[in-house]
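work.cif (mmCIF, C-alpha atoms) appears below.
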data_coords
loop_
_atom_site.group_PDB
_atom_site.id
_atom_site.type_symbol
_atom_site.label_atom_id
_atom_site.label_comp_id
_atom_site.auth_asym_id
_atom_site.auth_seq_id
_atom_site.Cartn_x
_atom_site.Cartn_y
_atom_site.Cartn_z
ATOM 1 C CA MET A 1 0.000 0.000 0.000
ATOM 2 C CA ARG A 2 2.820 2.398 0.887
ATOM 3 C CA LEU A 3 4.493 1.710 -2.464
ATOM 4 C CA SER A 4 1.271 2.381 -4.379
ATOM 5 C CA PHE A 5 0.859 5.720 -2.587
ATOM 6 C CA ALA A 6 4.451 6.654 -3.413
ATOM 7 C CA VAL A 7 3.890 5.729 -7.079
ATOM 8 C CA LEU A 8 0.674 7.796 -7.181
ATOM 9 C CA VAL A 9 2.452 10.820 -5.709
ATOM 10 C CA GLY A 10 5.311 10.337 -8.162
ATOM 11 C CA ILE A 11 2.921 10.333 -11.129
ATOM 12 C CA LEU A 12 1.155 13.479 -9.935
ATOM 13 C CA LEU A 13 4.475 15.218 -9.282
ATOM 14 C CA TYR A 14 5.576 14.336 -12.812
ATOM 15 C CA VAL A 15 2.359 15.745 -14.320
ATOM 16 C CA ASN A 16 2.583 18.930 -12.237
ATOM 17 C CA GLY A 17 6.271 19.290 -13.048
ATOM 18 C CA LEU A 18 5.547 18.940 -16.765
ATOM 19 C CA MET A 19 2.869 21.628 -16.513
ATOM 20 C CA ILE A 20 5.203 23.982 -14.644
ATOM 21 C CA PHE A 21 7.859 23.362 -17.307
ATOM 22 C CA THR A 22 5.300 24.150 -20.029
ATOM 23 C CA PHE A 23 4.366 27.377 -18.239
ATOM 24 C CA LEU A 24 8.001 28.462 -17.953
ATOM 25 C CA LYS A 25 8.816 27.682 -21.582
ATOM 26 C CA LYS A 26 6.040 29.728 -23.203
ATOM 27 C CA GLU A 27 5.901 33.515 -22.954
ATOM 28 C CA THR A 28 2.210 33.422 -23.924
ATOM 29 C CA PHE A 29 1.417 31.955 -20.504
ATOM 30 C CA ARG A 30 2.458 35.058 -18.572
ATOM 31 C CA GLU A 31 -1.161 36.079 -18.079
ATOM 32 C CA THR A 32 -2.486 36.371 -14.529
ATOM 33 C CA ARG A 33 -4.610 33.222 -14.616
ATOM 34 C CA TYR A 34 -1.703 31.082 -15.834
ATOM 35 C CA ILE A 35 0.618 32.555 -13.219
ATOM 36 C CA LEU A 36 -1.896 31.707 -10.487
ATOM 37 C CA PHE A 37 -2.283 28.243 -11.978
ATOM 38 C CA ALA A 38 1.487 27.722 -11.893
ATOM 39 C CA GLN A 39 1.568 28.780 -8.247
ATOM 40 C CA THR A 40 -1.197 26.284 -7.470
ATOM 41 C CA LEU A 41 0.812 23.536 -9.166
ATOM 42 C CA PHE A 42 3.922 24.484 -7.191
ATOM 43 C CA ALA A 43 2.086 24.620 -3.841
ATOM 44 C CA ASP A 44 0.246 21.353 -4.524
ATOM 45 C CA SER A 45 3.460 19.594 -5.549
ATOM 46 C CA ALA A 46 5.320 20.847 -2.479
ATOM 47 C CA LEU A 47 2.454 19.808 -0.196
ATOM 48 C CA MET A 48 2.202 16.315 -1.704
ATOM 49 C CA LEU A 49 5.959 15.802 -1.442
ATOM 50 C CA LEU A 50 6.255 17.081 2.142
ATOM 51 C CA THR A 51 3.185 15.178 3.325
ATOM 52 C CA ASP A 52 4.316 11.957 1.671
ATOM 53 C CA LEU A 53 7.726 12.237 3.335
ATOM 54 C CA THR A 54 6.019 12.826 6.682
ATOM 55 C CA LEU A 55 3.790 9.788 6.230
ATOM 56 C CA MET A 56 6.726 7.593 5.230
ATOM 57 C CA GLY A 57 8.621 8.762 8.306
ATOM 58 C CA SER A 58 5.618 7.988 10.502
ATOM 59 C CA PHE A 59 5.177 4.533 8.998
ATOM 60 C CA TYR A 60 8.817 3.552 9.487
ATOM 61 C CA GLN A 61 8.999 5.389 12.849
ATOM 62 C CA TYR A 62 12.065 7.343 11.718
ATOM 63 C CA PRO A 63 13.241 9.749 14.462
ATOM 64 C CA VAL A 64 14.096 13.330 13.508
ATOM 65 C CA HIS A 65 15.524 16.126 15.643
ATOM 66 C CA ILE A 66 12.640 18.233 16.861
ATOM 67 C CA ILE A 67 13.875 21.590 15.491
ATOM 68 C CA PRO A 68 14.157 20.440 11.836
ATOM 69 C CA CYS A 69 10.812 18.700 12.372
ATOM 70 C CA TYR A 70 9.227 22.001 13.456
ATOM 71 C CA ILE A 71 10.639 23.746 10.372
ATOM 72 C CA PHE A 72 9.421 20.921 8.119
ATOM 73 C CA CYS A 73 5.905 21.007 9.597
ATOM 74 C CA THR A 74 5.777 24.813 9.352
ATOM 75 C CA LEU A 75 6.566 24.656 5.629
ATOM 76 C CA THR A 76 3.907 21.960 5.178
ATOM 77 C CA SER A 77 1.307 24.106 6.948
ATOM 78 C CA LEU A 78 2.315 27.105 4.836
ATOM 79 C CA VAL A 79 1.829 25.448 1.438
ATOM 80 C CA SER A 80 -1.401 23.789 2.630
ATOM 81 C CA VAL A 81 -2.932 27.271 3.019
ATOM 82 C CA VAL A 82 -1.306 28.815 -0.074
ATOM 83 C CA SER A 83 -3.091 26.417 -2.432
ATOM 84 C CA PRO A 84 -6.741 27.179 -1.439
ATOM 85 C CA MET A 85 -5.997 30.895 -1.199
ATOM 86 C CA THR A 86 -4.678 30.812 -4.748
ATOM 87 C CA LEU A 87 -7.918 29.104 -5.806
ATOM 88 C CA VAL A 88 -9.828 32.079 -4.420
ATOM 89 C CA ALA A 89 -7.576 34.457 -6.360
ATOM 90 C CA MET A 90 -8.220 32.456 -9.543
ATOM 91 C CA CYS A 91 -11.983 32.738 -8.975
ATOM 92 C CA LEU A 92 -11.670 36.504 -8.519
ATOM 93 C CA GLU A 93 -9.637 36.730 -11.729
ATOM 94 C CA ARG A 94 -12.377 34.890 -13.631
ATOM 95 C CA TYR A 95 -14.966 37.197 -12.064
ATOM 96 C CA VAL A 96 -13.101 40.277 -13.313
ATOM 97 C CA ALA A 97 -12.623 38.747 -16.778
ATOM 98 C CA ILE A 98 -16.330 37.910 -17.157
ATOM 99 C CA CYS A 99 -18.116 40.667 -15.242
ATOM 100 C CA MET A 100 -15.682 43.515 -15.946
ATOM 101 C CA PRO A 101 -14.112 42.671 -19.315
ATOM 102 C CA LEU A 102 -13.239 46.289 -20.143
ATOM 103 C CA ARG A 103 -11.241 46.660 -16.916
ATOM 104 C CA HIS A 104 -9.680 43.208 -16.950
ATOM 105 C CA SER A 105 -6.502 44.250 -18.754
ATOM 106 C CA SER A 106 -5.934 47.194 -16.399
ATOM 107 C CA ILE A 107 -6.557 45.111 -13.264
ATOM 108 C CA SER A 108 -4.708 41.932 -14.245
ATOM 109 C CA THR A 109 -1.330 43.598 -14.699
ATOM 110 C CA PRO A 110 2.043 42.032 -13.787
ATOM 111 C CA LYS A 111 2.375 44.481 -10.887
ATOM 112 C CA ASN A 112 -1.050 43.628 -9.440
ATOM 113 C CA THR A 113 -0.379 39.918 -9.956
ATOM 114 C CA PHE A 114 2.892 40.188 -8.018
ATOM 115 C CA ILE A 115 1.124 42.072 -5.210
ATOM 116 C CA GLY A 116 -1.576 39.383 -5.147
ATOM 117 C CA LEU A 117 1.006 36.606 -4.855
ATOM 118 C CA LEU A 118 2.757 38.510 -2.068
ATOM 119 C CA VAL A 119 -0.536 38.898 -0.170
ATOM 120 C CA ILE A 120 -1.330 35.192 -0.580
ATOM 121 C CA TRP A 121 2.021 34.054 0.807
ATOM 122 C CA SER A 122 1.993 36.635 3.611
ATOM 123 C CA VAL A 123 -1.500 35.747 4.855
ATOM 124 C CA SER A 124 -0.770 32.028 4.526
ATOM 125 C CA PHE A 125 2.362 32.397 6.657
ATOM 126 C CA ILE A 126 0.641 34.067 9.635
ATOM 127 C CA ILE A 127 -0.793 30.965 11.350
ATOM 128 C CA PRO A 128 2.211 28.619 10.756
ATOM 129 C CA LEU A 129 4.669 31.307 11.903
ATOM 130 C CA PHE A 130 2.649 31.995 15.059
ATOM 131 C CA ILE A 131 2.572 28.289 15.942
ATOM 132 C CA PHE A 132 6.298 27.973 15.232
ATOM 133 C CA ILE A 133 7.122 30.876 17.596
ATOM 134 C CA VAL A 134 4.767 29.665 20.352
ATOM 135 C CA CYS A 135 6.356 26.200 20.270
ATOM 136 C CA PHE A 136 9.761 27.659 21.090
ATOM 137 C CA VAL A 137 8.347 29.968 23.777
ATOM 138 C CA TYR A 138 6.216 27.455 25.719
ATOM 139 C CA ILE A 139 8.029 24.147 25.252
ATOM 140 C CA PRO A 140 10.685 23.394 27.929
ATOM 141 C CA PRO A 141 14.284 23.807 26.720
ATOM 142 C CA GLY A 142 15.067 20.139 27.344
ATOM 143 C CA VAL A 143 12.480 19.074 24.793
ATOM 144 C CA LEU A 144 14.366 20.884 22.022
ATOM 145 C CA ARG A 145 17.125 18.257 22.264
ATOM 146 C CA LEU A 146 14.778 15.344 21.641
ATOM 147 C CA TYR A 147 14.307 13.222 18.531
ATOM 148 C CA VAL A 148 10.699 12.553 17.519
ATOM 149 C CA VAL A 149 8.690 10.905 14.756
ATOM 150 C CA CYS A 150 7.924 14.034 12.756
ATOM 151 C CA THR A 151 4.235 14.865 12.394
ATOM 152 C CA VAL A 152 2.253 18.089 12.716
ATOM 153 C CA GLU A 153 0.945 16.759 16.043
ATOM 154 C CA ALA A 154 4.469 17.140 17.453
ATOM 155 C CA MET A 155 3.958 20.922 17.277
ATOM 156 C CA LEU A 156 0.461 20.826 18.794
ATOM 157 C CA GLN A 157 1.144 19.361 22.221
ATOM 158 C CA ILE A 158 -0.341 22.496 23.827
ATOM 159 C CA LYS A 159 -4.132 22.131 23.752
ATOM 160 C CA TRP A 160 -5.005 25.806 23.399
ATOM 161 C CA LEU A 161 -2.548 26.116 20.520
ATOM 162 C CA ALA A 162 -4.149 23.188 18.671
ATOM 163 C CA ASP A 163 -7.627 24.653 19.268
ATOM 164 C CA MET A 164 -6.486 28.095 18.107
ATOM 165 C CA ARG A 165 -5.004 26.630 14.920
ATOM 166 C CA ALA A 166 -8.161 24.671 14.116
ATOM 167 C CA THR A 167 -10.440 27.664 14.774
ATOM 168 C CA SER A 168 -8.290 30.064 12.758
ATOM 169 C CA LEU A 169 -8.153 27.724 9.758
ATOM 170 C CA GLN A 170 -11.900 27.113 9.941
ATOM 171 C CA LEU A 171 -12.625 30.850 9.894
ATOM 172 C CA LEU A 172 -10.179 31.367 7.029
ATOM 173 C CA PHE A 173 -11.711 28.596 4.918
ATOM 174 C CA ILE A 174 -15.255 29.828 5.612
ATOM 175 C CA MET A 175 -14.244 33.296 4.403
ATOM 176 C CA MET A 176 -12.716 31.819 1.263
ATOM 177 C CA LEU A 177 -15.823 29.726 0.619
ATOM 178 C CA CYS A 178 -18.032 32.818 0.973
ATOM 179 C CA ILE A 179 -15.892 34.652 -1.596
ATOM 180 C CA ILE A 180 -16.183 31.764 -4.073
ATOM 181 C CA VAL A 181 -19.963 31.478 -3.577
ATOM 182 C CA SER A 182 -20.483 35.233 -4.022
ATOM 183 C CA THR A 183 -18.267 35.172 -7.121
ATOM 184 C CA TYR A 184 -20.330 32.338 -8.573
ATOM 185 C CA ILE A 185 -23.605 34.190 -7.914
ATOM 186 C CA LYS A 186 -22.342 37.351 -9.591
ATOM 187 C CA ILE A 187 -21.157 35.401 -12.639
ATOM 188 C CA VAL A 188 -24.559 33.664 -12.847
ATOM 189 C CA LEU A 189 -26.263 37.065 -12.854
ATOM 190 C CA ALA A 190 -23.847 38.282 -15.527
ATOM 191 C CA ALA A 191 -24.561 35.164 -17.607
ATOM 192 C CA ARG A 192 -28.278 35.968 -17.745
ATOM 193 C CA SER A 193 -27.650 39.338 -19.347
ATOM 194 C CA ALA A 194 -24.697 38.249 -21.487
ATOM 195 C CA SER A 195 -24.928 38.300 -25.264
ATOM 196 C CA SER A 196 -24.939 35.057 -27.210
ATOM 197 C CA GLU A 197 -21.260 35.591 -28.164
ATOM 198 C CA ARG A 198 -20.251 35.697 -24.503
ATOM 199 C CA LYS A 199 -22.462 32.814 -23.350
ATOM 200 C CA ASN A 200 -19.819 30.148 -23.963
ATOM 201 C CA SER A 201 -17.116 32.074 -22.118
ATOM 202 C CA THR A 202 -19.448 32.785 -19.211
ATOM 203 C CA ASN A 203 -20.603 29.166 -18.930
ATOM 204 C CA LYS A 204 -17.012 27.960 -19.003
ATOM 205 C CA GLY A 205 -16.184 30.421 -16.225
ATOM 206 C CA LEU A 206 -19.085 29.082 -14.150
ATOM 207 C CA LYS A 207 -17.829 25.519 -14.508
ATOM 208 C CA THR A 208 -14.362 26.643 -13.464
ATOM 209 C CA ILE A 209 -15.749 28.333 -10.346
ATOM 210 C CA ILE A 210 -17.706 25.186 -9.459
ATOM 211 C CA LEU A 211 -14.582 23.036 -9.763
ATOM 212 C CA HIS A 212 -12.636 25.448 -7.569
ATOM 213 C CA GLY A 213 -15.473 25.353 -5.039
ATOM 214 C CA VAL A 214 -15.307 21.547 -4.931
ATOM 215 C CA GLN A 215 -11.543 21.757 -4.453
ATOM 216 C CA LEU A 216 -11.962 24.176 -1.568
ATOM 217 C CA LEU A 217 -14.627 22.007 0.093
ATOM 218 C CA LEU A 218 -12.325 18.991 -0.083
ATOM 219 C CA CYS A 219 -9.513 21.101 1.355
ATOM 220 C CA MET A 220 -11.852 22.199 4.170
ATOM 221 C CA MET A 221 -12.417 18.546 5.027
ATOM 222 C CA GLN A 222 -8.773 18.498 6.101
ATOM 223 C CA LEU A 223 -9.859 20.554 9.103
ATOM 224 C CA LEU A 224 -11.857 17.572 10.369
ATOM 225 C CA ILE A 225 -8.943 15.170 10.009
ATOM 226 C CA PRO A 226 -7.259 16.032 13.359
ATOM 227 C CA TYR A 227 -10.477 15.209 15.239
ATOM 228 C CA ILE A 228 -10.479 11.775 13.553
ATOM 229 C CA GLU A 229 -6.767 11.048 13.855
ATOM 230 C CA MET A 230 -5.774 12.398 17.262
ATOM 231 C CA PRO A 231 -7.732 9.783 19.307
ATOM 232 C CA LEU A 232 -6.078 7.058 17.199
ATOM 233 C CA TRP A 233 -2.624 8.544 17.860
ATOM 234 C CA LYS A 234 -3.058 7.770 21.573
ATOM 235 C CA VAL A 235 -4.437 4.251 20.984
ATOM 236 C CA ASN A 236 -2.417 2.694 18.165
ATOM 237 C CA VAL A 237 0.265 4.433 16.116
ATOM 238 C CA MET A 238 0.007 2.061 13.129
ATOM 239 C CA LEU A 239 -3.792 2.455 12.988
ATOM 240 C CA PHE A 240 -3.203 6.218 13.094
ATOM 241 C CA VAL A 241 -0.782 5.957 10.148
ATOM 242 C CA ASN A 242 -3.190 3.804 8.091
ATOM 243 C CA VAL A 243 -6.083 6.223 8.660
ATOM 244 C CA ARG A 244 -3.793 9.126 7.777
ATOM 245 C CA TYR A 245 -2.867 7.462 4.492
ATOM 246 C CA SER A 246 -6.560 7.138 3.613
ATOM 247 C CA ASN A 247 -7.185 10.794 4.486
ATOM 248 C CA PHE A 248 -4.101 11.673 2.460
ATOM 249 C CA ILE A 249 -5.720 10.200 -0.659
ATOM 250 C CA LEU A 250 -9.228 11.573 -0.109
ATOM 251 C CA PHE A 251 -8.565 15.095 1.115
ATOM 252 C CA LEU A 252 -5.104 15.949 -0.181
ATOM 253 C CA ILE A 253 -4.470 14.009 -3.398
ATOM 254 C CA LEU A 254 -8.010 14.242 -4.800
ATOM 255 C CA PRO A 255 -8.309 18.076 -4.622
ATOM 256 C CA ARG A 256 -4.853 18.396 -6.169
ATOM 257 C CA CYS A 257 -5.881 16.194 -9.103
ATOM 258 C CA LEU A 258 -8.531 18.736 -10.073
ATOM 259 C CA SER A 259 -6.064 21.571 -10.783
ATOM 260 C CA PRO A 260 -4.526 19.863 -13.847
ATOM 261 C CA LEU A 261 -8.056 19.044 -15.007
ATOM 262 C CA VAL A 262 -9.315 22.626 -14.703
ATOM 263 C CA TYR A 263 -6.554 24.364 -16.660
ATOM 264 C CA GLY A 264 -4.214 21.720 -17.997
ATOM 265 C CA LEU A 265 -6.860 19.840 -19.963
ATOM 266 C CA ARG A 266 -9.775 22.276 -20.348
ATOM 267 C CA ASP A 267 -7.640 25.147 -21.655
ATOM 268 C CA GLU A 268 -6.987 24.329 -25.325
ATOM 269 C CA LYS A 269 -3.927 26.551 -25.708
ATOM 270 C CA PHE A 270 -2.238 25.142 -22.612
ATOM 271 C CA TYR A 271 -3.252 21.581 -23.461
ATOM 272 C CA ASN A 272 -1.696 21.808 -26.929
ATOM 273 C CA ALA A 273 1.574 23.134 -25.519
ATOM 274 C CA LEU A 274 1.525 20.508 -22.762
ATOM 275 C CA LYS A 275 1.014 17.729 -25.310
ATOM 276 C CA TYR A 276 3.931 19.043 -27.325
ATOM 277 C CA TYR A 277 6.369 19.033 -24.390
ATOM 278 C CA ALA A 278 5.016 15.744 -23.021
ATOM 279 C CA PHE A 279 6.322 14.062 -26.177
ATOM 280 C CA CYS A 280 9.525 16.119 -26.220
ATOM 281 C CA GLY A 281 8.322 18.021 -29.308
ATOM 282 C CA ILE A 282 8.477 14.917 -31.521
ATOM 283 C CA LEU A 283 5.031 13.589 -32.346
ATOM 284 C CA VAL A 284 3.265 12.757 -35.547
ATOM 285 C CA CYS A 285 -0.347 13.633 -35.037
ATOM 286 C CA ASN A 286 -3.067 12.613 -37.444
ATOM 287 C CA LYS A 287 -5.514 15.268 -36.414
ATOM 288 C CA HIS A 288 -3.832 18.456 -35.294
ATOM 289 C CA LYS A 289 -0.929 20.704 -35.937
ATOM 290 C CA ILE A 290 -0.033 23.440 -33.503
ATOM 291 C CA ARG A 291 1.412 26.600 -34.975
ATOM 292 C CA ASP A 292 1.529 29.834 -32.973
ATOM 293 C CA GLY A 293 -1.229 28.640 -30.674
ATOM 294 C CA LYS A 294 -3.655 27.761 -33.534
ATOM 295 C CA THR A 295 -4.913 24.311 -34.502
ATOM 296 C CA PHE A 296 -4.938 22.980 -38.044
ATOM 297 C CA ARG A 297 -6.076 19.647 -39.466
ATOM 298 C CA GLY A 298 -3.619 17.324 -41.174
ATOM 299 C CA VAL A 299 -1.036 14.612 -40.746
ATOM 300 C CA VAL A 300 1.968 16.641 -39.651
ATOM 301 C CA SER A 301 4.457 17.090 -36.869
ATOM 302 C CA ILE A 302 3.540 19.332 -33.978
ATOM 303 C CA SER A 303 5.628 22.482 -33.717
ATOM 304 C CA ILE A 304 5.224 25.406 -31.366
ATOM 305 C CA HIS A 305 7.035 28.675 -31.932
ATOM 306 C CA ASN A 306 7.929 30.863 -28.974
#
Translate this structure into structure tokens?
Amino acid sequence: MRLSFAVLVGILLYVNGLMIFTFLKKETFRETRYILFAQTLFADSALMLLTDLTLMGSFYQYPVHIIPCYIFCTLTSLVSVVSPMTLVAMCLERYVAICMPLRHSSISTPKNTFIGLLVIWSVSFIIPLFIFIVCFVYIPPGVLRLYVVCTVEAMLQIKWLADMRATSLQLLFIMMLCIIVSTYIKIVLAARSASSERKNSTNKGLKTIILHGVQLLLCMMQLLIPYIEMPLWKVNVMLFVNVRYSNFILFLILPRCLSPLVYGLRDEKFYNALKYYAFCGILVCNKHKIRDGKTFRGVVSISIHN
């Protein structure tokens, strides 16, 4: 079972890595929505890798010095918040593109995108940084010389700190969910008054918002995981690890599989470029030829010009 999980994570990391490579290679993907998508891929990949390493360490009961463990868990907590916050930013970008098309180019500028990314990382770092500092303030000095099996629970030995973390994350996710729901409602209202030419774009935007909402709901389910796992931690460590692996698949892997689906496969321009690089630029295709982002029929080699 552990090997199958590692293989699954490896496949997803390969797909995400290929998409990030595609994003970096093409200048046409420097739009705001693609930049946010690339950040989601990076955060998801980092979270899957860090969480998988933590689970493997828990399964084999590998002891780690507590200070590197705290740093490792802080980084894991950071990227776990960055991903859903980026989803919210992507929903807002679609809202601006659909409901305010004339202002979209002036709002979605490189400067505003950079500021948005900075805000996302700064807000995401508040809770993990606070927990990291509190751990060093309240934990006895002798504990800092110990070796432990590294899990997030190692940082949450203080009850009020664990409760504060859970409450803060719940409030944050509820706020993000409210933003996504309100964005969806506004796009629905815009779709009713949209012209026939804009109907397809609006409907596609609605489907994207729905997928992001499902992702966020699955991410919110992670907030319930500690209440399921913590009692098992005190009863049987191996049962705790097995349950954590199952939660890892349902509430961490599954939401991260939707990101490639939303943009990597549904966006024709990105999909064509991704297909090109997936086959190292050498592919004889019987149906399509990619040239400057356009699709032509014929039996030819795929070529993409920067």
Nearest to Gly17 in chain A by atom-to-atom distance, counting all atoms listed in the file, from A:Gly205, A:Pro260, A:Gly57, A:Pro68: A:Pro260
If the PyMOL selection byres ((chain A and resi 89) around 9) were run on this exact file, what residues would it hold? Put them as an mmCIF file with C-alpha atoms, in the frame of the given file.
data_model
loop_
_atom_site.group_PDB
_atom_site.id
_atom_site.type_symbol
_atom_site.label_atom_id
_atom_site.label_comp_id
_atom_site.auth_asym_id
_atom_site.auth_seq_id
_atom_site.Cartn_x
_atom_site.Cartn_y
_atom_site.Cartn_z
ATOM 1 C CA ARG A 33 -4.610 33.222 -14.616
ATOM 2 C CA LEU A 36 -1.896 31.707 -10.487
ATOM 3 C CA PRO A 84 -6.741 27.179 -1.439
ATOM 4 C CA MET A 85 -5.997 30.895 -1.199
ATOM 5 C CA THR A 86 -4.678 30.812 -4.748
ATOM 6 C CA LEU A 87 -7.918 29.104 -5.806
ATOM 7 C CA VAL A 88 -9.828 32.079 -4.420
ATOM 8 C CA MET A 90 -8.220 32.456 -9.543
ATOM 9 C CA CYS A 91 -11.983 32.738 -8.975
ATOM 10 C CA LEU A 92 -11.670 36.504 -8.519
ATOM 11 C CA GLU A 93 -9.637 36.730 -11.729
ATOM 12 C CA ARG A 94 -12.377 34.890 -13.631
ATOM 13 C CA GLY A 116 -1.576 39.383 -5.147
ATOM 14 C CA LEU A 117 1.006 36.606 -4.855
ATOM 15 C CA ILE A 120 -1.330 35.192 -0.580
#
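For the residues A:Leu172, A:Thr109, A:Ile98, A:Cys150, ranking by smallest atom-to-atom distance to Ser124 in chain A using only C-alpha atoms places A:Leu172 first.
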A:Arg266, A:Lys186, A:Lys25, A:Arg244 ranked by distance to Thr51 in chain A, top pick (using all atoms listed in the file):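 Closest to Thr51 in chain A of all the choices is A:Arg244.
When CA of Tyr276 in chain A is paired with CA of Asn203 in chain A, their separation reads 27.8 Å.
The interatomic distance for the pair CA of Ala278 in chain A and CA of Glu27 in chain A works out to 17.8 Å.
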Residues returned when the PyMOL selection byres ((chain A and resi 131) around 9) runs on this file, as a PyMOL selection string: chain A and resi 74+126-130+132-136+155-156+161-162+165
Long-range neighbours of Pro110 in chain A as a PyMOL selection string, 10 Å cut-off, only C-alpha atoms, 5 positions minimum in chain: chain A and resi 30-32+35+115-116
Pick from A:Phe270, A:Pro255, A:Val137, A:Gly213, whichever lies nearest to Met176 in chain A using all atoms listed in the file: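 Nearest candidate to Met176 in chain A out of A:Phe270, A:Pro255, A:Val137, A:Gly213: A:Gly213.
The space between CA of Tyr147 in chain A and CA of Phe59 in chain A spans 15.8 Å.
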The PyMOL selection byres ((chain A and resi 48) around 9) resolved against shown file, as JSON, numbers by chain: {"A": [9, 12, 13, 43, 44, 45, 46, 47, 49, 50, 51, 52, 53, 248, 252, 253, 256]}
Output C-alpha atoms of each residue in that selection to a file, as a short mmCIF file (atom, residue, chain, number, x, y, z; two decimals), in the frame of the given file.
data_model
loop_
_atom_site.label_atom_id
_atom_site.label_comp_id
_atom_site.auth_asym_id
_atom_site.auth_seq_id
_atom_site.Cartn_x
_atom_site.Cartn_y
_atom_site.Cartn_z
CA VAL A 9 2.45 10.82 -5.71
CA LEU A 12 1.16 13.48 -9.94
CA LEU A 13 4.47 15.22 -9.28
CA ALA A 43 2.09 24.62 -3.84
CA ASP A 44 0.25 21.35 -4.52
CA SER A 45 3.46 19.59 -5.55
CA ALA A 46 5.32 20.85 -2.48
CA LEU A 47 2.45 19.81 -0.20
CA LEU A 49 5.96 15.80 -1.44
CA LEU A 50 6.26 17.08 2.14
CA THR A 51 3.18 15.18 3.32
CA ASP A 52 4.32 11.96 1.67
CA LEU A 53 7.73 12.24 3.34
CA PHE A 248 -4.10 11.67 2.46
CA LEU A 252 -5.10 15.95 -0.18
CA ILE A 253 -4.47 14.01 -3.40
CA ARG A 256 -4.85 18.40 -6.17
#
